[in-house]
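Following: one structure in C-alpha cells, then a few remarks.
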Amino acid sequence: MAAEDELDRMVRTQLASRDIRDPRVLEALRTLDRARFVPPERRREAYTDHPLPIGHNQTISQPYIVALMTQTLELAGAERVLEIGTGSGYQTAVLARLAGEVYTVEVHGTLQERARRVLDDLGLTNVHYRTGDGRRGWPEEAPFDRILCAAAAEAVPPTWTDQLADGGILVTPVGGGFSQTLTRIEKHGGEVRRHDFCPCRFVPLTGNEEER
C-alpha cells in the first residue's frame, strides 16, 4: 500500500471517525507523512495509532493525540505558537502548517537537530528553534497566542501562563506517573481558566541541559 493510501486511511479511521472535525487539522495530518519523523526501524509502524520511541526516552505522540491537541488550540492561521518539546518534529510540522510562527523548545539538542533537518527539508520556514529547559518558555518572544506542551508536568509552570497572551489558549498534559490529563487553559483579562478534558499518558517534562 502506498504511503498516501496509508495516510488517508490513518486520517479516516483514527481521526475523522472519532471527534476530530477541524478540516485544516485533518488535511495537515493527511499531507504530512508521519514515517518521515520516526526512526527507520519503526517506519512500518508509522501509521498506527500509538506513540513510538525516538530516542532519549522520548516518543512521537500517537496521531489522534496530535490531532486532538492541535484542534483544541483553535488555530486560524496567523497565531504565534510556543511549543514545549520539539521531539521528532511531527507536532511542530502540524503547527507550522496551521499557524503563523512556531517557536519550539527542546531539551535534547540531538533530537532538535534531527527534527530541524526534516522540517527544513519540508520547506517549513516559519519555525524558530531553541535548545533548553522548556519550563522557561521563550520570554524574549512572549506573549504567545497559543502554547502547546508535549510532555507532562505535575503542575503547569507559571512561566507559561505568564507568557500566554490575553485571549490565548494553552494545551498541555498535567500529572505524574500514569495519572495524567490533557488540560486546556485560557487567559482572559489576566484571569486563567482551566478545563481538563482527556486522560492521557506522556513522557515527563525534563529540563536538565543548558540552553544553547
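Naming scheme: A, B, ... for chains in displayed order of the C-alpha cells; residues 1 onward per chain; ligands 1 onward as shown.
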Note to self: For A:Leu98, find every residue with an atom within 7 Å (counting only C-alpha atoms), except residues of its own chain fewer than 2 positions away, and show them as a ChimeraX atom specification.
What the structure shows: /A:75,77,94-96
Margin query: According to DSSP computed on the backbone, where in stretch 82-195 of chain A is there strand (DSSP E)? Give the residues as a PyMOL selection string.
Written below: chain A and resi 82-84+101-106+127-131+144-149+164-176+179-188+191-195
Check: Quick one: of A:Arg97, A:Arg42, A:His108, A:Arg30, who's nearest to A:Asn57, counting only C-alpha atoms?
Finding: A:His108
Next item on the list: Give me the residues within 12 Å of A:Leu52 as a ChimeraX atom specification, counting only C-alpha atoms and dropping any in the same chain fewer than 4 places off.
Entry: /A:34-35,37-48,57-63,87-88,90,202-203
Given only C-alpha atoms, how would the per-residue table for stretch 122-173 of chain A near stretch 100-103 of chain A read, listing every residue at most 8 Å away with its closest atom pair and distance in Å to one decimal, sorted by chain and number, as CSV?
residue,atom,partner,partner_atom,distance
A:Asn126,CA,A:Glu101,CA,5.1
A:Val127,CA,A:Val102,CA,4.8
A:His128,CA,A:Tyr103,CA,4.7
A:Tyr129,CA,A:Tyr103,CA,6.1
A:Arg130,CA,A:Tyr103,CA,7.8
A:Trp138,CA,A:Tyr103,CA,7.8
Next item on the list: Tell me, as a PyMOL selection string, which residues lie within 12 Å of A:Pro158, counting only C-alpha atoms; anything in the same chain fewer than 4 positions away does not count.
Entry: chain A and resi 134-137+153+162-164+170+185+192
Output of the above residues as a compact mmCIF listing (two decimals), in the first residue's frame, restricted to N, CA and C atoms:
# COMPACT_ATOMS: atom_id res chain seq x y z
N GLY A 134 12.33 23.69 28.70
CA GLY A 134 11.03 24.19 28.27
C GLY A 134 10.23 24.87 29.35
N ARG A 135 10.54 24.59 30.62
CA ARG A 135 9.81 25.25 31.71
C ARG A 135 9.98 26.76 31.67
N ARG A 136 11.07 27.21 31.07
CA ARG A 136 11.34 28.65 30.99
C ARG A 136 10.56 29.33 29.87
N GLY A 137 10.01 28.52 28.97
CA GLY A 137 9.34 29.10 27.82
C GLY A 137 10.34 29.81 26.93
N ALA A 153 3.93 17.69 32.99
CA ALA A 153 4.42 18.27 34.24
C ALA A 153 3.37 18.03 35.32
N ASP A 162 2.27 33.08 32.27
CA ASP A 162 2.77 34.45 32.18
C ASP A 162 3.04 34.85 30.73
N GLN A 163 3.51 33.90 29.93
CA GLN A 163 3.88 34.18 28.55
C GLN A 163 2.72 33.99 27.57
N LEU A 164 1.56 33.60 28.08
CA LEU A 164 0.37 33.43 27.24
C LEU A 164 -0.33 34.78 27.06
N LEU A 170 -3.65 27.55 26.04
CA LEU A 170 -2.52 26.67 26.35
C LEU A 170 -3.07 25.25 26.48
N ILE A 185 -6.05 25.59 28.99
CA ILE A 185 -6.03 26.78 29.83
C ILE A 185 -6.28 28.00 28.95
N VAL A 192 -6.95 33.21 34.61
CA VAL A 192 -6.65 31.93 33.97
C VAL A 192 -7.77 30.94 34.30
Checklist line | Atomic distance atom CA of A:Gly175 - atom CA of A:Thr70, expressed in Å with one decimal | finding: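 Computing it gives 19.8 Å between the two atoms.
Restricting the calculation to only C-alpha atoms, the smallest distance between A:His56 and any of A:Val11, A:Val107, A:Leu122, A:Ala3 is found for A:Val107.
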Check: Where does DSSP see helix (DSSP H, G or I) in stretch 47-116 of chain A, if you list the residues as a PyMOL selection string?
Finding: chain A and resi 63-73+90-98+109-116
Check: Of the candidates A:Ala76, A:Val118, A:Leu32, A:Val81, which one gets nearest to A:Asp145 if we count only C-alpha atoms?
Finding: A:Val81
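Picture a line from atom CA of A:Gln71 to atom CA of A:Thr131; it runs 26.1 Å.
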Margin query: Using only C-alpha atoms, can you tell me which of A:Pro139, A:Asp49, A:Gly132, A:Leu82 comes closest to A:Gln112?
Written below: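 Result for the nearest residue to A:Gln112: A:Gly132.
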Note to self: Quick check, in Å to one decimal: how far apart do atom CA of A:Met69 and atom CA of A:Ala165 lie?
What the structure shows: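 A separation of 18.4 Å between them.
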Next item on the list: Please provide as a count of residues only all residues within 12 Å of A:Glu154, with the sequence filter that same-chain residues fewer than 5 positions apart are discarded (counting only C-alpha atoms).
Entry: 18
Note to self: So, with only C-alpha atoms as the atoms that count, which of A:Asp33, A:Gly89, A:Val171, A:Tyr64 lies closest to A:Ser17?
What the structure shows: A:Tyr64
